[in-house]
Structure formats: structure tokens, C-alpha cells
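Trainee: work-v2.cif is reproduced in full below (mmCIF, C-alpha atoms (C1' of nucleotides)).
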```
data_structure
loop_
_atom_site.label_atom_id
_atom_site.label_comp_id
_atom_site.auth_asym_id
_atom_site.auth_seq_id
_atom_site.Cartn_x
_atom_site.Cartn_y
_atom_site.Cartn_z
CA MET A 1 -22.22 -3.51 1.48
CA GLU A 2 -21.17 -7.00 2.49
CA ARG A 3 -18.10 -8.75 1.18
CA LEU A 4 -18.90 -11.53 -1.24
CA ALA A 5 -18.60 -14.96 0.39
CA PRO A 6 -16.53 -17.80 -1.08
CA ASP A 7 -19.59 -19.55 -2.51
CA PHE A 8 -20.46 -16.55 -4.68
CA PHE A 9 -17.63 -17.45 -7.04
CA ASP A 10 -18.77 -21.07 -7.18
CA MET A 11 -20.80 -20.70 -10.37
CA PRO A 12 -20.28 -21.33 -14.11
CA THR A 13 -17.75 -19.01 -15.75
CA LEU A 14 -20.14 -17.31 -18.15
CA LEU A 15 -22.64 -16.62 -15.39
CA LEU A 16 -19.92 -15.31 -13.09
CA ALA A 17 -18.78 -12.93 -15.85
CA GLU A 18 -22.26 -11.37 -15.79
CA ARG A 19 -22.84 -11.45 -12.06
CA LEU A 20 -19.54 -9.67 -11.34
CA LEU A 21 -20.72 -6.61 -13.27
CA GLY A 22 -21.63 -3.82 -10.86
CA LYS A 23 -19.73 -5.34 -7.93
CA ILE A 24 -17.03 -3.35 -6.15
CA PHE A 25 -13.46 -4.65 -6.29
CA VAL A 26 -11.53 -3.54 -3.20
CA MET A 27 -7.76 -3.48 -2.73
CA ASP A 28 -6.52 -2.84 0.77
CA ALA A 29 -3.79 -0.21 0.63
CA GLY A 30 -2.42 -1.05 4.08
CA HIS A 31 -1.02 1.27 6.73
CA GLY A 32 -4.43 2.86 7.26
CA ASN A 33 -4.49 4.26 3.76
CA THR A 34 -7.71 4.67 1.84
CA PRO A 35 -8.59 1.38 0.15
CA LEU A 36 -8.73 1.43 -3.62
CA LYS A 37 -12.14 0.60 -5.01
CA GLY A 38 -13.50 0.10 -8.49
CA ARG A 39 -16.89 -0.90 -9.83
CA ILE A 40 -16.58 -3.71 -12.34
CA VAL A 41 -18.11 -2.70 -15.68
CA GLU A 42 -16.53 -5.12 -18.16
CA THR A 43 -15.47 -8.78 -18.03
CA GLU A 44 -14.59 -11.67 -20.30
CA ALA A 45 -15.18 -15.37 -19.70
CA TYR A 46 -12.44 -17.89 -20.43
CA LEU A 47 -14.10 -21.25 -20.25
CA ALA A 48 -12.72 -24.62 -19.36
CA GLY A 49 -12.60 -27.20 -22.11
CA GLU A 50 -13.14 -26.09 -25.69
CA ASP A 51 -11.91 -22.51 -25.36
CA GLU A 52 -8.66 -22.28 -27.31
CA ALA A 53 -8.07 -18.71 -26.15
CA SER A 54 -7.84 -19.81 -22.54
CA HIS A 55 -4.39 -20.08 -21.02
CA ALA A 56 -5.53 -23.39 -19.55
CA TRP A 57 -6.50 -24.89 -22.89
CA ARG A 58 -3.37 -27.04 -23.15
CA GLY A 59 -3.60 -28.13 -19.57
CA ARG A 60 -1.92 -27.17 -16.36
CA THR A 61 1.45 -25.42 -16.51
CA HIS A 62 3.53 -23.50 -14.03
CA ARG A 63 2.19 -20.23 -15.40
CA ASN A 64 -1.52 -21.06 -15.22
CA ARG A 65 -1.55 -23.17 -12.06
CA ALA A 66 -3.61 -20.57 -10.19
CA MET A 67 -6.49 -21.14 -12.63
CA PHE A 68 -6.88 -24.63 -11.23
CA GLY A 69 -7.40 -23.35 -7.71
CA PRO A 70 -10.70 -22.86 -5.88
CA PRO A 71 -13.33 -20.38 -7.11
CA GLY A 72 -12.48 -16.86 -5.97
CA THR A 73 -8.75 -17.25 -6.61
CA LEU A 74 -6.95 -14.41 -8.43
CA TYR A 75 -5.00 -15.47 -11.51
CA VAL A 76 -2.53 -12.69 -12.37
CA TYR A 77 -0.21 -12.84 -15.35
CA PHE A 78 2.22 -10.59 -17.20
CA SER A 79 1.24 -9.70 -20.74
CA TYR A 80 3.02 -8.13 -23.70
CA GLY A 81 6.03 -7.40 -21.52
CA CYS A 82 4.27 -4.38 -20.06
CA HIS A 83 1.08 -5.14 -18.19
CA TYR A 84 -0.41 -7.36 -15.54
CA LEU A 85 -3.88 -8.76 -16.15
CA ALA A 86 -6.20 -10.14 -13.48
CA ASN A 87 -8.69 -13.01 -13.63
CA ILE A 88 -11.06 -14.51 -11.10
CA VAL A 89 -11.35 -18.30 -11.02
CA SER A 90 -14.86 -19.78 -11.32
CA GLU A 91 -16.34 -23.24 -10.73
CA PRO A 92 -15.93 -26.09 -10.74
CA GLU A 93 -12.64 -26.14 -8.88
CA GLY A 94 -9.91 -27.77 -10.93
CA SER A 95 -11.49 -27.05 -14.32
CA ALA A 96 -9.63 -23.74 -14.78
CA GLY A 97 -12.49 -21.52 -15.91
CA ALA A 98 -11.83 -17.84 -15.15
CA VAL A 99 -13.19 -14.34 -15.69
CA LEU A 100 -10.86 -11.59 -16.95
CA LEU A 101 -11.42 -8.18 -15.36
CA ARG A 102 -11.39 -5.78 -18.31
CA ALA A 103 -12.61 -2.44 -16.96
CA MET A 104 -13.83 -0.69 -13.84
CA GLU A 105 -15.27 2.66 -12.77
CA PRO A 106 -13.07 4.37 -10.13
CA VAL A 107 -14.98 4.60 -6.84
CA GLU A 108 -12.53 5.34 -4.02
CA GLY A 109 -8.84 6.15 -3.70
CA ILE A 110 -9.02 8.05 -6.96
CA ASP A 111 -6.10 10.39 -6.17
CA GLU A 112 -3.86 7.40 -5.56
CA MET A 113 -5.05 5.80 -8.80
CA ARG A 114 -4.27 9.01 -10.68
CA ARG A 115 -0.78 9.02 -9.23
CA ARG A 116 -0.15 5.39 -10.21
CA ARG A 117 -1.55 5.82 -13.69
CA GLY A 118 0.15 9.14 -14.33
CA THR A 119 -3.01 10.79 -15.61
CA ASP A 120 -5.88 12.85 -14.23
CA ASP A 121 -8.39 11.59 -16.76
CA LEU A 122 -11.06 9.63 -14.90
CA LEU A 123 -12.05 7.75 -18.03
CA SER A 124 -8.49 6.54 -18.54
CA LEU A 125 -7.82 5.31 -15.00
CA MET A 126 -9.34 1.83 -15.26
CA SER A 127 -10.82 1.52 -18.75
CA GLY A 128 -8.75 -1.49 -19.78
CA PRO A 129 -7.41 -4.72 -18.29
CA GLY A 130 -3.84 -3.45 -18.01
CA LYS A 131 -4.94 -0.05 -16.77
CA LEU A 132 -7.03 -1.30 -13.88
CA THR A 133 -4.28 -3.53 -12.50
CA GLN A 134 -1.91 -0.57 -12.56
CA ALA A 135 -4.48 1.65 -10.84
CA LEU A 136 -5.15 -0.94 -8.14
CA GLY A 137 -1.57 -2.08 -7.77
CA ILE A 138 -2.25 -5.68 -8.75
CA GLY A 139 0.99 -7.47 -9.55
CA PRO A 140 2.88 -10.73 -9.18
CA GLU A 141 2.58 -10.50 -5.40
CA HIS A 142 -1.14 -11.16 -5.86
CA TYR A 143 -0.66 -14.34 -7.87
CA ALA A 144 -3.12 -16.98 -6.61
CA GLU A 145 -4.35 -14.59 -3.92
CA SER A 146 -7.78 -15.41 -2.52
CA LEU A 147 -10.52 -12.84 -3.07
CA VAL A 148 -11.94 -13.95 0.22
CA GLY A 149 -8.77 -12.90 1.99
CA SER A 150 -7.72 -9.75 3.79
CA ARG A 151 -5.67 -7.97 1.11
CA CYS A 152 -8.38 -7.79 -1.53
CA TRP A 153 -12.02 -8.72 -1.82
CA ILE A 154 -15.25 -7.85 -3.58
CA GLU A 155 -18.17 -5.99 -2.08
CA ASP A 156 -21.70 -6.90 -3.03
CA ALA A 157 -23.94 -4.53 -4.96
CA PRO A 158 -27.47 -4.79 -6.31
CA GLU A 159 -27.71 -7.15 -9.25
CA LEU A 160 -27.93 -5.44 -12.62
CA SER A 161 -31.01 -6.01 -14.72
CA SER A 162 -30.30 -8.07 -17.80
CA ALA A 163 -31.28 -5.07 -19.92
CA LYS A 164 -28.15 -3.28 -18.74
CA ILE A 165 -25.77 -6.09 -19.64
CA GLY A 166 -24.25 -6.06 -23.12
CA THR A 167 -22.52 -8.96 -24.85
CA SER A 168 -19.89 -9.06 -27.58
CA PRO A 169 -16.97 -11.10 -28.85
CA ARG A 170 -13.82 -10.97 -26.73
CA ILE A 171 -11.11 -8.45 -27.49
CA GLY A 172 -7.53 -9.00 -28.54
CA ILE A 173 -7.59 -12.74 -29.18
CA SER A 174 -7.19 -14.74 -32.37
CA ARG A 175 -8.05 -18.28 -31.27
CA SER A 176 -11.71 -19.00 -30.54
CA ALA A 177 -12.47 -15.46 -31.66
CA GLY A 178 -16.06 -14.46 -32.27
CA LEU A 179 -17.57 -16.20 -29.26
CA PRO A 180 -19.83 -13.74 -27.41
CA TRP A 181 -18.15 -14.11 -24.07
CA ARG A 182 -17.40 -10.46 -23.28
CA LYS A 183 -19.87 -8.83 -20.89
CA PHE A 184 -20.17 -5.13 -20.13
CA VAL A 185 -22.44 -2.54 -18.53
CA ILE A 186 -24.38 -0.85 -21.32
CA GLY A 187 -23.82 2.90 -21.36
CA SER A 188 -20.90 3.01 -18.94
CA PRO A 189 -18.20 5.41 -20.17
CA HIS A 190 -15.64 3.38 -18.25
CA VAL A 191 -15.89 0.35 -20.53
CA SER A 192 -12.69 -0.17 -22.52
CA LYS A 193 -12.64 1.38 -25.94
CA THR A 194 -12.67 -1.11 -28.74
CA ARG A 195 -9.62 0.06 -30.59
CA THR A 196 -8.47 -0.93 -34.02
CA ALA A 197 -9.77 -4.38 -34.69
CA SER A 198 -6.72 -6.19 -35.96
CA ARG A 199 -3.11 -5.48 -36.60
CA PRO A 200 -1.41 -7.38 -39.42
CA LYS A 201 1.18 -9.84 -38.24
CA LYS A 202 4.60 -8.25 -38.11
CA GLY A 203 6.56 -9.10 -41.20
CA LEU A 204 3.98 -11.49 -42.51
CA ILE A 205 1.46 -11.38 -45.29
CA VAL A 206 -1.57 -13.16 -43.99
CA LEU A 207 -3.84 -14.87 -46.49
CA GLU A 208 -7.31 -15.64 -45.32
CA SER A 209 -10.04 -17.47 -47.11
"C1'" DG B 1 -10.34 11.76 -34.89
"C1'" DC B 2 -8.02 7.98 -36.84
"C1'" DG B 3 -4.75 4.05 -37.68
"C1'" DA B 4 -0.04 2.27 -37.15
"C1'" DT B 5 3.92 0.92 -34.23
"C1'" DG B 6 7.39 -0.08 -30.57
"C1'" DA B 7 8.09 -1.42 -25.76
"C1'" DT B 8 9.19 -5.46 -23.31
"C1'" DG B 9 9.18 -10.29 -20.94
"C1'" DA B 10 7.70 -14.90 -20.22
"C1'" DA B 11 5.75 -19.11 -21.97
"C1'" DC B 12 5.78 -22.18 -25.41
"C1'" DT B 13 7.11 -24.68 -30.12
"C1'" DG C 1 12.26 -17.84 -32.70
"C1'" DT C 2 7.24 -16.78 -32.19
"C1'" DT C 3 3.21 -15.54 -29.82
"C1'" DC C 4 0.67 -12.90 -27.15
"C1'" DA C 5 -6.43 -11.89 -22.95
"C1'" DT C 6 -2.07 -4.33 -23.94
"C1'" DC C 7 -1.06 0.65 -23.84
"C1'" DA C 8 0.82 5.19 -25.01
"C1'" DT C 9 2.43 7.84 -28.49
"C1'" DC C 10 3.19 9.51 -32.90
"C1'" DG C 11 2.00 11.14 -37.62
"C1'" DC C 12 -1.55 12.59 -40.50
"C1'" DA C 13 -6.18 14.73 -41.38
#
```
As C-alpha cells, how would this structure be written, given the file I've shared?

Mentor:
Amino acid sequence: MERLAPDFFDMPTLLLAERLLGKIFVMDAGHGNTPLKGRIVETEAYLAGEDEASHAWRGRTHRNRAMFGPPGTLYVYFSYGCHYLANIVSEPEGSAGAVLLRAMEPVEGIDEMRRRRGTDDLLSLMSGPGKLTQALGIGPEHYAESLVGSRCWIEDAPELSSAKIGTSPRIGISRSAGLPWRKFVIGSPHVSKTRTASRPKKGLIVLES
DNA sequence: GCGATGATGAACT
DNA sequence: GTTCATCATCGCA
């Protein structure tokens, strides 16, 4: 399959979140090693503007500057002191919309992924946003990397029928929660498991109306 | 099978 | 000092 061209990413965030499903994310392993490949099965859209859950909601900062780059830019950030998460910037350039990669199905380089993840379980290799970055080796060195570059890219795949695309609220956020901006491949066992819904704030009694 | 909890660091108030 | 776009592990059933 062909690599996706730069203009593929030049579309509205919510649409890009759907169109990325089924595509193959490729990470070049260098030195003639087998490239690492995963089929994208779950995404979340973080829109420009009214989306309070977006890192760009309060405007441009040093941390989120990659979100303001051209469509097809990787925005990588460190979360919860343990994990790197990867986003793909959408259009229009400068608005800071992005799509979070939440889960993939391992396609190639699976032995290497198993080694990096420390598990043999196929369903645990990439079934979460922190898991897939570990499996692929995405880290700070990929901050603001172009997905149209030579180190990583996305291969095209037949478009999924809308009947295979599921929608739900995003996971793990508290601001702008409830918006149906998570997209996933219906029936894929590699979609992240929706764990316990909410954890009470540490040391706080939360009163809600 | 299930829910609860600590790890751990950077941005932000 | 608080807040996270998380994960693995532990205790209990």
C-alpha cells in the first residue's frame, strides 16, 4: 500500500479521527531491522476551539507547540509520569486540532513489540495509548516529527464502511467529558478496554449535583 | 472477574 | 501544590 500523502491529514479533526481507522502506522526501526507496524483501531479527536479537554485549549505553550504545526505532525507528550502518548495534527494548520492514537492491532515486528512491552499477549501489546507508544518506541525524540518523513509514516488501507465505525465519549478526561469524539473499529479485540469509569479524587470528597 | 491504588514527571495555578 | 488524554499489580471473590 501507498504511504499517505501530506494532504491526507488536511481535513477536519473529527473526520480525520474516523478516516485514520484501519490505516497502518509504520515506525522505521533503522539498521535494516523489520519496521514496526500497527493497524489503527481506536482514536480520539481533540478539537480546536471549544474543547476544554484539549491541551491547546488555553492557547499555545511550550509543551503543546507541535499541535500548532502543519497537518500530519506528531504531537508526543509525557503523561502521568509513566507514558508517552501520540497525536496526529489535523487541519487547519495553526488551529491545533489533533487526533490521539488510542489503540492498534499489531501487524509486523511483533516479536520486537513483545520484547519492548514485556509481554507475549497479543491483545496487550497495543491496546491502549500508552501501550502502543511503548510497543512502537515513540518517545520525546519524535516530538513534532512529520508523518510524511522517513522515520515514521502511515500506509493507506481500504476505507472502512461506516457500519464498522463505533463512537463513544472519550476516555480518561474530566473536562468536556461526554462528547462523542472517540472512534473505534467495531468488533476489534485490540480496542482499549474501558476500565473503571472514574476514580474518586485522592483525599477529596467530591460533591456533585 | 472485579475495583482500588501507587508510580512518576512535567505543566500549570 | 494540584492536575492529569495511563498502566500494572494487588487483594478479594

Trainee: One number please: CA of Ile186 (chain A) to CA of Glu159 (chain A), in Å, one decimal.

Mentor: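 Atom-to-atom, CA of Ile186 (chain A) and CA of Glu159 (chain A) are spaced 14.0 Å apart.
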
Trainee: For this file, the PyMOL selection byres ((chain A) within 8 of (chain B)) selects which residues, as JSON, numbers by chain?

Mentor: {"A": [63, 78, 79, 80, 81, 82, 196]}

Trainee: Would you compute the distance between CA of Ser124 (chain A) and CA of Ile110 (chain A)? Give it in Å to one decimal.

Mentor: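 That distance, rounded to one decimal, is 11.7 Å.
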
Trainee: Write out, as JSON lines, each residue of chain C that has an atom at most 8 Å from chain A, together with the closest pair of atoms and their distance in Å to one decimal, counting all atoms listed in the file, rows going by chain and rising number.

Mentor:
```
{"residue": "C:DC4", "atom": "C1'", "partner": "A:Tyr80", "partner_atom": "CA", "distance": 6.3}
{"residue": "C:DA5", "atom": "C1'", "partner": "A:Gly172", "partner_atom": "CA", "distance": 6.4}
{"residue": "C:DT6", "atom": "C1'", "partner": "A:Gly130", "partner_atom": "CA", "distance": 6.3}
{"residue": "C:DC7", "atom": "C1'", "partner": "A:Gly130", "partner_atom": "CA", "distance": 7.7}
```

Trainee: Any chance you could resolve the PyMOL selection byres ((chain A and resi 139-152) around 7) against this file and give the residues as an MDAnalysis selection string?

Mentor: chainID A and resid 5:6 26:28 66 72:76 84 137:138 153:154

Trainee: Suppose you want the space between CA of Leu160 (chain A) and CA of Lys193 (chain A); what is it in Å?

Mentor: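 For CA of Leu160 (chain A) relative to CA of Lys193 (chain A), the distance reads 21.4 Å.
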
Trainee: Around all the atoms of region 22-40 of chain A listed in the file, draw an axis-aligned box and extend it by 5 Å on each of the six sides; I want its centre and edge lengths in Å to one decimal, as lines of an AutoDock Vina configuration file.

Mentor:
```
center_x = -11.3
center_y = -0.3
center_z = -2.5
size_x = 30.6
size_y = 20.0
size_z = 29.6
```

Trainee: I'd like the neighbourhood of Arg39 (chain A) as an MDAnalysis selection string, where a residue qualifies if any of its atoms comes within 9 Å (using all atoms listed in the file), though same-chain residues fewer than 4 positions away should be ignored.

Mentor: chainID A and resid 21:26 103:107

Trainee: With distances taken over only C-alpha atoms, which of A:Ala48, A:Thr167, A:Arg114, A:Ser90 is nearest to Leu132 (chain A)?

Mentor: A:Arg114
